[in-house]
Amino acid sequence: MIDIIIEFFKQVINNPYLVVLIISVLPLIELRGAIPVGFSMFIAYGMPVELAILNSFIIAFIGSSLIFPVIYVGLEWGLGLLEKIKFLRKIIKKIRAKFNIKAVKLQQEVNHGTKDISDLKEYKLKLQKIQFYALYAFVAVPLPLTGVYTASAVGVFAKVSFKKALFPIILGNFTAGVLISLASYLFGVFI
């Protein structure tokens, strides 16, 4: 199915820059699929190998990074709407609890007076670090379904603020782009 979508854009749009940009914002494909596609398209257009991989990386990174705010804000907004529906509210709470079990337990302990406020501040700092590294690592590993879309959903369900999710997701996207570009460069030249 993904191959059909990519071929469609290749045939309809005769501009490899635009094809790479469009492919990089599509869910499931994102940067991970756009870089190799762009690399092969730029090579086919006679571009030198190094320039082809650089162009593919830059365009795919920009496209998949620019979609992040739209996805994140859209998911927060959509989830807010869904939480207003009684039976969905319970399901969403269960999902969020799985993402944030420790935070929920700590909040309950603070509410019952077993922890003081300094412990809560220290815990929130630890939680922020864990969230940063978890979101970064999740996006940085270039595997299917570990891109910006999925990381945004994880961030929204875990109640990570937009500001705190922005940098690790974009940095992870950059890292994944570098890894995929390197693999495309090393293995693509032999194809």
# chains A, B, ... in the order shown; residues from 1 in each chain; ligands from 1
$ select_by_dssp --residues "region 1-74 of chain A" --states "alpha helix (DSSP H)" --output "PDB file with N, CA and C atoms, in the first residue's frame"
ATOM      1  N   ILE A   2       1.897   1.256   0.831  1.00  0.00           N
ATOM      2  CA  ILE A   2       2.780   2.418   0.896  1.00  0.00           C
ATOM      3  C   ILE A   2       3.486   2.624  -0.437  1.00  0.00           C
ATOM      4  N   ASP A   3       3.894   1.527  -1.076  1.00  0.00           N
ATOM      5  CA  ASP A   3       4.544   1.623  -2.388  1.00  0.00           C
ATOM      6  C   ASP A   3       3.616   2.266  -3.414  1.00  0.00           C
ATOM      7  N   ILE A   4       2.343   1.948  -3.345  1.00  0.00           N
ATOM      8  CA  ILE A   4       1.362   2.515  -4.277  1.00  0.00           C
ATOM      9  C   ILE A   4       1.254   4.021  -4.062  1.00  0.00           C
ATOM     10  N   ILE A   5       1.219   4.436  -2.814  1.00  0.00           N
ATOM     11  CA  ILE A   5       1.127   5.857  -2.492  1.00  0.00           C
ATOM     12  C   ILE A   5       2.360   6.597  -3.010  1.00  0.00           C
ATOM     13  N   ILE A   6       3.535   6.039  -2.757  1.00  0.00           N
ATOM     14  CA  ILE A   6       4.778   6.668  -3.200  1.00  0.00           C
ATOM     15  C   ILE A   6       4.810   6.762  -4.727  1.00  0.00           C
ATOM     16  N   GLU A   7       4.461   5.683  -5.413  1.00  0.00           N
ATOM     17  CA  GLU A   7       4.439   5.686  -6.882  1.00  0.00           C
ATOM     18  C   GLU A   7       3.439   6.693  -7.422  1.00  0.00           C
ATOM     19  N   PHE A   8       2.305   6.826  -6.740  1.00  0.00           N
ATOM     20  CA  PHE A   8       1.311   7.808  -7.156  1.00  0.00           C
ATOM     21  C   PHE A   8       1.906   9.213  -7.158  1.00  0.00           C
ATOM     22  N   PHE A   9       2.555   9.589  -6.068  1.00  0.00           N
ATOM     23  CA  PHE A   9       3.140  10.923  -5.989  1.00  0.00           C
ATOM     24  C   PHE A   9       4.284  11.111  -6.979  1.00  0.00           C
ATOM     25  N   LYS A  10       5.052  10.063  -7.184  1.00  0.00           N
ATOM     26  CA  LYS A  10       6.145  10.144  -8.164  1.00  0.00           C
ATOM     27  C   LYS A  10       5.607  10.417  -9.571  1.00  0.00           C
ATOM     28  N   GLN A  11       4.487   9.787  -9.926  1.00  0.00           N
ATOM     29  CA  GLN A  11       3.928   9.941 -11.265  1.00  0.00           C
ATOM     30  C   GLN A  11       3.159  11.244 -11.432  1.00  0.00           C
ATOM     31  N   VAL A  12       2.436  11.650 -10.410  1.00  0.00           N
ATOM     32  CA  VAL A  12       1.595  12.842 -10.508  1.00  0.00           C
ATOM     33  C   VAL A  12       2.426  14.130 -10.414  1.00  0.00           C
ATOM     34  N   PRO A  16      10.960  16.210  -7.695  1.00  0.00           N
ATOM     35  CA  PRO A  16      11.396  15.332  -6.598  1.00  0.00           C
ATOM     36  C   PRO A  16      11.420  16.028  -5.237  1.00  0.00           C
ATOM     37  N   TYR A  17      11.674  17.321  -5.206  1.00  0.00           N
ATOM     38  CA  TYR A  17      11.686  18.057  -3.946  1.00  0.00           C
ATOM     39  C   TYR A  17      10.301  18.035  -3.309  1.00  0.00           C
ATOM     40  N   LEU A  18       9.302  18.286  -4.115  1.00  0.00           N
ATOM     41  CA  LEU A  18       7.923  18.303  -3.622  1.00  0.00           C
ATOM     42  C   LEU A  18       7.451  16.899  -3.242  1.00  0.00           C
ATOM     43  N   VAL A  19       7.845  15.901  -4.002  1.00  0.00           N
ATOM     44  CA  VAL A  19       7.476  14.515  -3.688  1.00  0.00           C
ATOM     45  C   VAL A  19       8.041  14.125  -2.326  1.00  0.00           C
ATOM     46  N   VAL A  20       9.311  14.429  -2.082  1.00  0.00           N
ATOM     47  CA  VAL A  20       9.944  14.090  -0.800  1.00  0.00           C
ATOM     48  C   VAL A  20       9.248  14.826   0.337  1.00  0.00           C
ATOM     49  N   LEU A  21       8.928  16.086   0.128  1.00  0.00           N
ATOM     50  CA  LEU A  21       8.253  16.876   1.161  1.00  0.00           C
ATOM     51  C   LEU A  21       6.882  16.278   1.490  1.00  0.00           C
ATOM     52  N   ILE A  22       6.111  15.958   0.485  1.00  0.00           N
ATOM     53  CA  ILE A  22       4.776  15.394   0.704  1.00  0.00           C
ATOM     54  C   ILE A  22       4.866  14.032   1.390  1.00  0.00           C
ATOM     55  N   ILE A  23       5.767  13.183   0.928  1.00  0.00           N
ATOM     56  CA  ILE A  23       5.907  11.851   1.520  1.00  0.00           C
ATOM     57  C   ILE A  23       6.340  11.941   2.986  1.00  0.00           C
ATOM     58  N   SER A  24       7.167  12.934   3.292  1.00  0.00           N
ATOM     59  CA  SER A  24       7.678  13.039   4.668  1.00  0.00           C
ATOM     60  C   SER A  24       6.620  13.442   5.679  1.00  0.00           C
ATOM     61  N   GLU A  30       6.561   8.997   6.666  1.00  0.00           N
ATOM     62  CA  GLU A  30       7.345  10.053   7.292  1.00  0.00           C
ATOM     63  C   GLU A  30       8.765  10.136   6.732  1.00  0.00           C
ATOM     64  N   LEU A  31       9.666  10.575   7.560  1.00  0.00           N
ATOM     65  CA  LEU A  31      11.074  10.754   7.201  1.00  0.00           C
ATOM     66  C   LEU A  31      11.725   9.424   6.845  1.00  0.00           C
ATOM     67  N   ARG A  32      11.317   8.363   7.514  1.00  0.00           N
ATOM     68  CA  ARG A  32      11.927   7.050   7.318  1.00  0.00           C
ATOM     69  C   ARG A  32      11.763   6.531   5.890  1.00  0.00           C
ATOM     70  N   GLY A  33      10.680   6.877   5.251  1.00  0.00           N
ATOM     71  CA  GLY A  33      10.466   6.458   3.878  1.00  0.00           C
ATOM     72  C   GLY A  33      10.838   7.526   2.865  1.00  0.00           C
ATOM     73  N   ALA A  34      10.744   8.782   3.278  1.00  0.00           N
ATOM     74  CA  ALA A  34      10.995   9.889   2.353  1.00  0.00           C
ATOM     75  C   ALA A  34      12.470   9.999   1.955  1.00  0.00           C
ATOM     76  N   ILE A  35      13.372   9.721   2.883  1.00  0.00           N
ATOM     77  CA  ILE A  35      14.803   9.852   2.570  1.00  0.00           C
ATOM     78  C   ILE A  35      15.231   8.852   1.487  1.00  0.00           C
ATOM     79  N   PRO A  36      14.966   7.562   1.627  1.00  0.00           N
ATOM     80  CA  PRO A  36      15.366   6.636   0.557  1.00  0.00           C
ATOM     81  C   PRO A  36      14.678   6.927  -0.787  1.00  0.00           C
ATOM     82  N   VAL A  37      13.390   7.313  -0.718  1.00  0.00           N
ATOM     83  CA  VAL A  37      12.667   7.643  -1.952  1.00  0.00           C
ATOM     84  C   VAL A  37      13.318   8.858  -2.615  1.00  0.00           C
ATOM     85  N   GLY A  38      13.568   9.892  -1.836  1.00  0.00           N
ATOM     86  CA  GLY A  38      14.198  11.096  -2.375  1.00  0.00           C
ATOM     87  C   GLY A  38      15.578  10.812  -2.923  1.00  0.00           C
ATOM     88  N   PHE A  39      16.327  10.012  -2.199  1.00  0.00           N
ATOM     89  CA  PHE A  39      17.682   9.657  -2.635  1.00  0.00           C
ATOM     90  C   PHE A  39      17.641   9.003  -4.012  1.00  0.00           C
ATOM     91  N   SER A  40      16.752   8.021  -4.173  1.00  0.00           N
ATOM     92  CA  SER A  40      16.678   7.333  -5.471  1.00  0.00           C
ATOM     93  C   SER A  40      16.156   8.262  -6.565  1.00  0.00           C
ATOM     94  N   MET A  41      15.228   9.146  -6.221  1.00  0.00           N
ATOM     95  CA  MET A  41      14.709  10.078  -7.221  1.00  0.00           C
ATOM     96  C   MET A  41      15.781  11.071  -7.658  1.00  0.00           C
ATOM     97  N   PHE A  42      16.509  11.615  -6.698  1.00  0.00           N
ATOM     98  CA  PHE A  42      17.543  12.593  -7.034  1.00  0.00           C
ATOM     99  C   PHE A  42      18.664  11.950  -7.859  1.00  0.00           C
ATOM    100  N   ILE A  43      19.012  10.714  -7.531  1.00  0.00           N
ATOM    101  CA  ILE A  43      20.018   9.977  -8.311  1.00  0.00           C
ATOM    102  C   ILE A  43      19.507   9.785  -9.749  1.00  0.00           C
ATOM    103  N   ALA A  44      18.225   9.432  -9.873  1.00  0.00           N
ATOM    104  CA  ALA A  44      17.633   9.219 -11.196  1.00  0.00           C
ATOM    105  C   ALA A  44      17.637  10.510 -12.026  1.00  0.00           C
ATOM    106  N   VAL A  49      25.708  11.795  -5.773  1.00  0.00           N
ATOM    107  CA  VAL A  49      25.262  10.982  -4.644  1.00  0.00           C
ATOM    108  C   VAL A  49      25.207  11.789  -3.340  1.00  0.00           C
ATOM    109  N   GLU A  50      26.278  12.507  -3.023  1.00  0.00           N
ATOM    110  CA  GLU A  50      26.330  13.252  -1.761  1.00  0.00           C
ATOM    111  C   GLU A  50      25.257  14.331  -1.701  1.00  0.00           C
ATOM    112  N   LEU A  51      25.054  15.026  -2.810  1.00  0.00           N
ATOM    113  CA  LEU A  51      24.032  16.069  -2.852  1.00  0.00           C
ATOM    114  C   LEU A  51      22.627  15.453  -2.792  1.00  0.00           C
ATOM    115  N   ALA A  52      22.460  14.308  -3.411  1.00  0.00           N
ATOM    116  CA  ALA A  52      21.164  13.620  -3.392  1.00  0.00           C
ATOM    117  C   ALA A  52      20.778  13.225  -1.970  1.00  0.00           C
ATOM    118  N   ILE A  53      21.716  12.685  -1.222  1.00  0.00           N
ATOM    119  CA  ILE A  53      21.397  12.262   0.144  1.00  0.00           C
ATOM    120  C   ILE A  53      21.189  13.472   1.052  1.00  0.00           C
ATOM    121  N   LEU A  54      21.967  14.518   0.849  1.00  0.00           N
ATOM    122  CA  LEU A  54      21.806  15.738   1.657  1.00  0.00           C
ATOM    123  C   LEU A  54      20.448  16.384   1.385  1.00  0.00           C
ATOM    124  N   ASN A  55      20.084  16.520   0.128  1.00  0.00           N
ATOM    125  CA  ASN A  55      18.775  17.097  -0.213  1.00  0.00           C
ATOM    126  C   ASN A  55      17.637  16.260   0.357  1.00  0.00           C
ATOM    127  N   SER A  56      17.749  14.955   0.234  1.00  0.00           N
ATOM    128  CA  SER A  56      16.707  14.067   0.765  1.00  0.00           C
ATOM    129  C   SER A  56      16.550  14.260   2.264  1.00  0.00           C
ATOM    130  N   PHE A  57      17.685  14.286   2.970  1.00  0.00           N
ATOM    131  CA  PHE A  57      17.648  14.452   4.428  1.00  0.00           C
ATOM    132  C   PHE A  57      17.016  15.784   4.814  1.00  0.00           C
ATOM    133  N   ILE A  58      17.480  16.872   4.221  1.00  0.00           N
ATOM    134  CA  ILE A  58      16.998  18.207   4.613  1.00  0.00           C
ATOM    135  C   ILE A  58      15.503  18.352   4.359  1.00  0.00           C
ATOM    136  N   ILE A  59      15.057  17.971   3.178  1.00  0.00           N
ATOM    137  CA  ILE A  59      13.633  18.129   2.840  1.00  0.00           C
ATOM    138  C   ILE A  59      12.760  17.224   3.703  1.00  0.00           C
ATOM    139  N   ALA A  60      13.170  15.969   3.878  1.00  0.00           N
ATOM    140  CA  ALA A  60      12.379  15.038   4.693  1.00  0.00           C
ATOM    141  C   ALA A  60      12.348  15.479   6.156  1.00  0.00           C
ATOM    142  N   PHE A  61      13.461  15.961   6.667  1.00  0.00           N
ATOM    143  CA  PHE A  61      13.500  16.421   8.053  1.00  0.00           C
ATOM    144  C   PHE A  61      12.588  17.628   8.245  1.00  0.00           C
ATOM    145  N   ILE A  62      12.650  18.574   7.333  1.00  0.00           N
ATOM    146  CA  ILE A  62      11.797  19.763   7.439  1.00  0.00           C
ATOM    147  C   ILE A  62      10.326  19.358   7.382  1.00  0.00           C
ATOM    148  N   GLY A  63       9.971  18.536   6.411  1.00  0.00           N
ATOM    149  CA  GLY A  63       8.569  18.124   6.282  1.00  0.00           C
ATOM    150  C   GLY A  63       8.043  17.390   7.500  1.00  0.00           C
ATOM    151  N   SER A  64       8.804  16.404   7.969  1.00  0.00           N
ATOM    152  CA  SER A  64       8.316  15.616   9.110  1.00  0.00           C
ATOM    153  C   SER A  64       8.391  16.391  10.423  1.00  0.00           C
ATOM    154  N   SER A  65       9.241  17.400  10.494  1.00  0.00           N
ATOM    155  CA  SER A  65       9.308  18.225  11.706  1.00  0.00           C
ATOM    156  C   SER A  65       8.213  19.291  11.721  1.00  0.00           C
ATOM    157  N   LEU A  66       7.909  19.844  10.553  1.00  0.00           N
ATOM    158  CA  LEU A  66       6.878  20.883  10.496  1.00  0.00           C
ATOM    159  C   LEU A  66       5.481  20.334  10.789  1.00  0.00           C
ATOM    160  N   ILE A  67       5.276  19.053  10.584  1.00  0.00           N
ATOM    161  CA  ILE A  67       3.966  18.464  10.836  1.00  0.00           C
ATOM    162  C   ILE A  67       3.743  18.243  12.344  1.00  0.00           C
ATOM    163  N   PHE A  68       4.817  18.219  13.121  1.00  0.00           N
ATOM    164  CA  PHE A  68       4.714  17.952  14.561  1.00  0.00           C
ATOM    165  C   PHE A  68       3.713  18.865  15.286  1.00  0.00           C
ATOM    166  N   PRO A  69       3.814  20.206  15.159  1.00  0.00           N
ATOM    167  CA  PRO A  69       2.856  21.042  15.899  1.00  0.00           C
ATOM    168  C   PRO A  69       1.406  20.760  15.526  1.00  0.00           C
ATOM    169  N   VAL A  70       1.153  20.514  14.257  1.00  0.00           N
ATOM    170  CA  VAL A  70      -0.210  20.234  13.810  1.00  0.00           C
ATOM    171  C   VAL A  70      -0.719  18.939  14.455  1.00  0.00           C
ATOM    172  N   ILE A  71       0.126  17.925  14.441  1.00  0.00           N
ATOM    173  CA  ILE A  71      -0.263  16.627  15.015  1.00  0.00           C
ATOM    174  C   ILE A  71      -0.489  16.761  16.514  1.00  0.00           C
ATOM    175  N   TYR A  72       0.465  17.356  17.210  1.00  0.00           N
ATOM    176  CA  TYR A  72       0.418  17.418  18.666  1.00  0.00           C
ATOM    177  C   TYR A  72      -0.795  18.211  19.149  1.00  0.00           C
ATOM    178  N   VAL A  73      -0.959  19.402  18.595  1.00  0.00           N
ATOM    179  CA  VAL A  73      -2.083  20.242  19.006  1.00  0.00           C
ATOM    180  C   VAL A  73      -3.399  19.587  18.596  1.00  0.00           C
ATOM    181  N   GLY A  74      -3.427  18.993  17.411  1.00  0.00           N
ATOM    182  CA  GLY A  74      -4.637  18.304  16.953  1.00  0.00           C
ATOM    183  C   GLY A  74      -5.008  17.135  17.850  1.00  0.00           C
TER     184      GLY A  74
END
$ residues_around --residues "Ala153 (chain A)" --least-positions-apart "3" --cutoff "8 Å" --atoms "only C-alpha atoms" --output "PyMOL selection string"
chain A and resi 72+75+149-150+156-157
$ atom_distance --atom1 "CA of Val154 (chain A)" --atom2 "CA of Leu125 (chain A)"
19.0 Å
$ closest_residue --among "A:Ser152, A:Leu82, A:Arg96, A:Pro142" --to "Leu182 (chain A)" --atoms "only C-alpha atoms"
A:Pro142
$ atom_distance --atom1 "CA of Phe132 (chain A)" --atom2 "CA of Leu26 (chain A)"
24.3 Å
